[in-house]
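Source file: structure23.csv; contents: CSV, C-alpha atoms.
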```csv
chain,number,residue,atom,x,y,z
P,1,MET,CA,33.6,-44.8,-5.6
P,2,SER,CA,30.8,-42.4,-6.5
P,3,GLU,CA,27.1,-43.3,-6.7
P,4,ASN,CA,24.6,-42.4,-9.4
P,5,CYS,CA,21.1,-40.8,-9.1
P,6,VAL,CA,18.5,-43.5,-9.4
P,7,GLN,CA,16.2,-41.1,-11.3
P,8,CYS,CA,18.4,-39.6,-14.0
P,9,GLY,CA,21.7,-41.6,-13.6
P,10,ALA,CA,23.8,-38.5,-12.9
P,11,ASP,CA,27.1,-39.0,-11.2
P,12,LEU,CA,26.7,-37.9,-7.6
P,13,ASN,CA,30.2,-36.6,-7.1
P,14,PRO,CA,30.1,-32.9,-5.9
P,15,LEU,CA,33.5,-32.2,-7.5
P,16,THR,CA,32.9,-33.7,-11.0
P,17,GLY,CA,29.1,-34.4,-11.2
P,18,ALA,CA,25.8,-33.5,-9.6
P,19,LEU,CA,25.1,-32.6,-6.0
P,20,ALA,CA,23.2,-35.3,-4.0
P,21,ALA,CA,20.0,-34.3,-2.2
P,22,SER,CA,20.2,-33.9,1.6
P,23,MET,CA,19.1,-37.1,3.3
P,24,ALA,CA,17.3,-35.0,5.9
P,25,LYS,CA,15.2,-33.5,3.2
P,26,VAL,CA,14.6,-36.9,1.6
P,27,GLU,CA,13.3,-38.2,5.0
P,28,MET,CA,11.1,-35.1,5.3
P,29,LEU,CA,9.5,-35.9,2.0
P,30,ARG,CA,9.1,-39.6,2.9
P,31,ARG,CA,7.2,-38.6,6.1
P,32,TRP,CA,4.7,-36.8,3.8
P,33,ASP,CA,4.1,-40.1,1.9
P,34,VAL,CA,6.2,-39.1,-1.2
P,35,ASP,CA,8.1,-42.0,-2.7
P,36,VAL,CA,11.7,-40.7,-2.8
P,37,PRO,CA,14.3,-43.1,-4.2
P,38,ALA,CA,17.8,-42.8,-2.9
P,39,PRO,CA,20.4,-41.8,-3.8
P,40,ILE,CA,18.9,-38.9,-5.7
P,41,CYS,CA,20.5,-35.7,-7.2
P,42,ALA,CA,19.3,-32.3,-6.1
P,43,SER,CA,17.8,-31.6,-9.5
P,44,CYS,CA,15.5,-34.7,-9.4
P,45,PHE,CA,14.7,-34.0,-5.8
P,46,ASN,CA,13.6,-30.5,-6.7
P,47,LYS,CA,11.1,-32.0,-9.2
P,48,LEU,CA,9.7,-34.1,-6.4
P,49,LEU,CA,9.4,-31.0,-4.2
P,50,THR,CA,7.4,-29.3,-7.0
P,51,ALA,CA,5.1,-32.3,-7.2
P,52,ALA,CA,4.7,-32.3,-3.4
P,53,GLU,CA,3.7,-28.6,-3.5
P,54,ARG,CA,1.1,-29.3,-6.1
P,55,ARG,CA,-0.2,-32.3,-4.1
P,56,PHE,CA,-0.3,-30.8,-0.6
P,57,GLY,CA,-0.5,-27.0,-1.3
P,58,PRO,CA,1.7,-24.2,-0.3
P,59,GLU,CA,1.5,-25.0,3.4
P,60,PHE,CA,3.7,-28.1,2.7
P,61,PHE,CA,6.8,-26.0,2.8
P,62,PHE,CA,6.1,-24.5,6.2
P,63,GLU,CA,5.6,-27.7,8.1
P,64,ASP,CA,8.3,-30.3,8.9
P,65,ASP,CA,5.8,-33.0,9.7
P,66,PRO,CA,2.4,-33.9,8.0
P,67,PRO,CA,-0.7,-32.6,9.8
P,68,GLU,CA,-2.4,-35.0,12.3
P,69,ASP,CA,-5.3,-35.4,9.9
P,70,PHE,CA,-2.9,-36.3,7.1
P,71,GLN,CA,-5.0,-39.1,5.5
P,72,LYS,CA,-8.1,-36.8,5.5
P,73,HIS,CA,-6.0,-34.1,3.9
P,74,VAL,CA,-4.8,-36.5,1.1
P,75,ALA,CA,-8.4,-37.8,0.6
P,76,GLU,CA,-9.7,-34.2,0.2
P,77,ARG,CA,-7.0,-33.4,-2.4
P,78,ALA,CA,-7.8,-36.6,-4.3
P,79,ALA,CA,-11.5,-35.8,-4.3
P,80,LYS,CA,-10.9,-32.5,-6.0
P,81,ILE,CA,-9.2,-34.1,-9.0
P,82,GLU,CA,-11.2,-33.7,-12.2
P,83,VAL,CA,-11.5,-36.7,-14.5
P,84,TRP,CA,-12.1,-36.5,-18.2
P,85,THR,CA,-12.5,-39.1,-21.0
P,86,TYR,CA,-10.9,-36.6,-23.4
P,87,ASP,CA,-8.4,-33.8,-23.0
P,88,PRO,CA,-10.2,-30.5,-22.6
P,89,TYR,CA,-7.1,-28.4,-22.0
P,90,VAL,CA,-5.4,-26.1,-24.5
P,91,LYS,CA,-2.1,-27.6,-25.8
P,92,GLY,CA,0.8,-26.5,-23.6
P,93,SER,CA,-1.4,-25.4,-20.7
P,94,VAL,CA,-0.8,-28.7,-18.7
P,95,ILE,CA,2.2,-31.0,-18.2
P,96,ASN,CA,1.9,-34.7,-18.4
P,97,LEU,CA,2.7,-36.4,-15.1
P,98,GLY,CA,2.4,-40.0,-16.5
P,99,LEU,CA,-0.2,-42.7,-16.5
P,100,VAL,CA,-2.4,-43.5,-13.6
P,101,SER,CA,-4.6,-46.6,-13.2
P,102,GLY,CA,-7.0,-48.4,-10.9
P,103,HIS,CA,-8.1,-52.0,-10.8
P,104,VAL,CA,-10.9,-53.7,-8.9
P,105,ILE,CA,-11.8,-57.4,-9.1
P,106,LEU,CA,-15.4,-58.0,-8.4
P,107,GLY,CA,-16.5,-61.4,-7.0
P,108,THR,CA,-20.2,-61.6,-7.4
P,109,GLY,CA,-20.7,-64.9,-5.6
P,110,PRO,CA,-23.0,-67.9,-6.4
P,111,LEU,CA,-26.2,-66.3,-5.1
P,112,ALA,CA,-25.8,-63.3,-7.3
P,113,SER,CA,-25.1,-65.6,-10.3
P,114,ILE,CA,-28.3,-67.5,-9.6
P,115,ALA,CA,-30.3,-64.3,-9.2
P,116,ALA,CA,-28.7,-63.0,-12.4
P,117,SER,CA,-29.6,-66.2,-14.3
P,118,ILE,CA,-33.3,-65.9,-13.2
P,119,THR,CA,-33.5,-62.2,-14.3
P,120,ASP,CA,-31.7,-63.1,-17.5
P,121,PHE,CA,-34.2,-65.9,-18.2
P,122,PHE,CA,-37.1,-63.4,-17.9
P,123,GLY,CA,-35.3,-60.6,-19.7
P,124,ASN,CA,-35.1,-58.3,-16.7
P,125,LYS,CA,-32.3,-56.0,-15.5
P,126,SER,CA,-30.1,-57.5,-12.7
P,127,GLU,CA,-30.1,-54.9,-9.9
P,128,ASP,CA,-27.5,-56.9,-7.9
P,129,TYR,CA,-24.9,-56.9,-10.7
P,130,SER,CA,-25.6,-53.2,-11.4
P,131,GLU,CA,-25.0,-52.2,-7.8
P,132,LYS,CA,-21.8,-54.3,-7.6
P,133,LEU,CA,-20.5,-52.8,-10.8
P,134,ALA,CA,-21.3,-49.3,-9.7
P,135,LEU,CA,-19.4,-49.9,-6.4
P,136,ALA,CA,-16.4,-51.3,-8.3
P,137,GLU,CA,-16.4,-48.3,-10.6
P,138,ARG,CA,-16.4,-45.9,-7.6
P,139,ASP,CA,-13.5,-47.8,-6.0
P,140,CYS,CA,-11.6,-47.9,-9.2
P,141,LEU,CA,-12.1,-44.2,-9.8
P,142,SER,CA,-11.0,-43.5,-6.3
P,143,ALA,CA,-7.8,-45.4,-6.8
P,144,VAL,CA,-7.1,-43.5,-10.0
P,145,LYS,CA,-7.6,-40.2,-8.2
P,146,ARG,CA,-5.4,-41.2,-5.3
P,147,GLU,CA,-2.6,-42.2,-7.6
P,148,ALA,CA,-3.0,-38.9,-9.6
P,149,SER,CA,-2.9,-37.0,-6.3
P,150,ARG,CA,0.4,-38.7,-5.3
P,151,LYS,CA,1.9,-37.4,-8.6
P,152,GLY,CA,0.7,-33.8,-7.8
P,153,ALA,CA,-2.0,-33.8,-10.6
P,154,SER,CA,-5.0,-31.5,-10.7
P,155,ALA,CA,-6.8,-33.7,-13.3
P,156,VAL,CA,-6.8,-37.0,-15.2
P,157,VAL,CA,-7.5,-36.9,-18.9
P,158,GLY,CA,-8.2,-39.6,-21.5
P,159,LEU,CA,-9.8,-42.0,-18.9
P,160,LEU,CA,-10.5,-45.4,-20.3
P,161,VAL,CA,-12.7,-47.9,-18.5
P,162,ASN,CA,-12.6,-51.6,-19.2
P,163,TYR,CA,-14.7,-54.5,-18.0
P,164,THR,CA,-13.3,-58.0,-18.2
P,165,GLU,CA,-14.8,-61.3,-17.2
P,166,LEU,CA,-11.9,-63.2,-15.6
P,167,THR,CA,-13.2,-66.7,-15.5
P,168,ALA,CA,-16.1,-68.1,-17.5
P,169,ALA,CA,-19.3,-68.5,-15.5
P,170,SER,CA,-17.8,-68.0,-12.1
P,171,GLY,CA,-18.8,-64.4,-11.6
P,172,MET,CA,-15.4,-62.8,-11.4
P,173,ILE,CA,-15.3,-59.4,-13.2
P,174,MET,CA,-12.4,-56.9,-13.4
P,175,VAL,CA,-13.0,-53.2,-13.7
P,176,ASP,CA,-9.9,-51.2,-14.6
P,177,MET,CA,-9.3,-47.6,-15.5
P,178,LEU,CA,-6.4,-45.9,-17.1
P,179,GLY,CA,-5.7,-42.2,-17.7
P,180,THR,CA,-3.1,-39.5,-17.9
P,181,ALA,CA,-2.4,-37.3,-14.8
P,182,VAL,CA,-1.9,-33.7,-15.7
P,183,ALA,CA,-1.1,-30.4,-13.8
P,184,PRO,CA,-1.0,-26.8,-14.8
P,185,ALA,CA,2.1,-26.0,-16.8
P,186,ARG,CA,2.9,-22.8,-15.0
P,187,ILE,CA,3.7,-24.7,-11.8
P,188,ALA,CA,6.5,-26.6,-13.6
P,189,VAL,CA,8.5,-23.5,-14.2
P,190,LEU,CA,9.4,-22.7,-10.6
```
Let's see the structure in the file written out as structure tokens.
Amino acid sequence: MSENCVQCGADLNPLTGALAASMAKVEMLRRWDVDVPAPICASCFNKLLTAAERRFGPEFFFEDDPPEDFQKHVAERAAKIEVWTYDPYVKGSVINLGLVSGHVILGTGPLASIAASITDFFGNKSEDYSEKLALAERDCLSAVKREASRKGASAVVGLLVNYTELTAASGMIMVDMLGTAVAPARIAVL
């Protein structure tokens, strides 16, 4: 009985269908923190290799194991991702790698609610809430960039930011961001 590729559904029979990717190569990609489903055909695996090259750079293909400072390397790549609220790229110059999102639930606590009530009463700006919202926005944007980096993106376009009060008068606020991860189109044609 033959298996099917979990990505595209191709029959993984070398005589009548698609070739399966080498499990040794699948494990190599997994060590680099790439989510590789199994079983997977060679064609779908090659797409994951292309995304891994975009994510980690050309040195990826010359090392069997991730560098010792792997998390630092990933964080540096994520920090370089550009984020746009619109799409500044010429049509056809980038490929769509899918949606990316980040969510942060902000608990402000009872003391912040009391302080906010006092500043609201006097019509002043609440510095405590402003600082907490700024921190939540930074964490949320960081999550979006990390997810885009995992997909091999160089930018996120069409970023939407939403603020939602989760429970009335309890000080729980959710900040969520959603955008589209993109990469230069020339890399897709390897």
Subject >> Which residue of P:Asp139, P:Glu3, P:Asp11, P:Asp87 approaches Ile105 (chain P) most closely, using all atoms listed in the file >> reply: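 Counting all atoms listed in the file, the residue closest to Ile105 (chain P) is P:Asp139.
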Original post:
Using only C-alpha atoms, which of the listed residues (P:Arg31, P:His103, P:Arg54, P:Arg138) sits closest to Asn162 (chain P)?
Top reply: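 Answer, going by the shortest atom-to-atom distance: P:His103.
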**OP:** Considering all atoms listed in the file, return as an NGL selection string whatever protein or nucleic-acid residues lie within 12 Å of region 33-35 of chain P, sequence-local ones (same chain, fewer than 3 positions apart) excluded.
**Re:** :P and (7 or 25-30 or 38 or 40 or 45 or 47-53 or 55-56 or 60 or 65-67 or 70-71 or 73-74 or 146-147 or 149-152)
**OP:** Please measure the separation of CA of Val100 (chain P) and CA of Gly179 (chain P), giving the value in Å to one decimal.
**Re:** 5.4 Å
**OP:** Find the residue from P:Ala143, P:Leu106, P:Cys5, P:Val36 that sits nearest to Ser130 (chain P); use all atoms listed in the file when measuring.
**Re:** P:Leu106
Original post:
Rounded to one decimal in Å, what is the spacing between CA of Leu159 (chain P) and CA of Asn96 (chain P)?
Top reply: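 Answer for the CA of Leu159 (chain P) to CA of Asn96 (chain P) separation: 13.8 Å.
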Original post:
Between CA of Leu12 (chain P) and CA of Asn46 (chain P), what is the spacing in Å?
Top reply: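 Straight-line distance from CA of Asn46 (chain P) to CA of Leu12 (chain P) works out to 15.1 Å.
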Subject >> Among listed residues P:Trp32, P:Tyr129, P:Tyr163, P:Tyr89, nearest Ala185 (chain P) (using only C-alpha atoms) >> reply: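 For Ala185 (chain P), the nearest of the candidates is P:Tyr89.
Among the candidates P:Cys41, P:Val6, P:Ile81, P:Cys140, the one nearest to Ala20 (chain P) when counting only C-alpha atoms is P:Cys41.
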**OP:** Choose the residue, out of P:Ala183, P:Leu19, P:Ala148, P:Leu178, that has the smallest atom-to-atom separation from Val161 (chain P); count all atoms listed in the file.
**Re:**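 Checking each candidate against Val161 (chain P), we get P:Leu178 as the closest.
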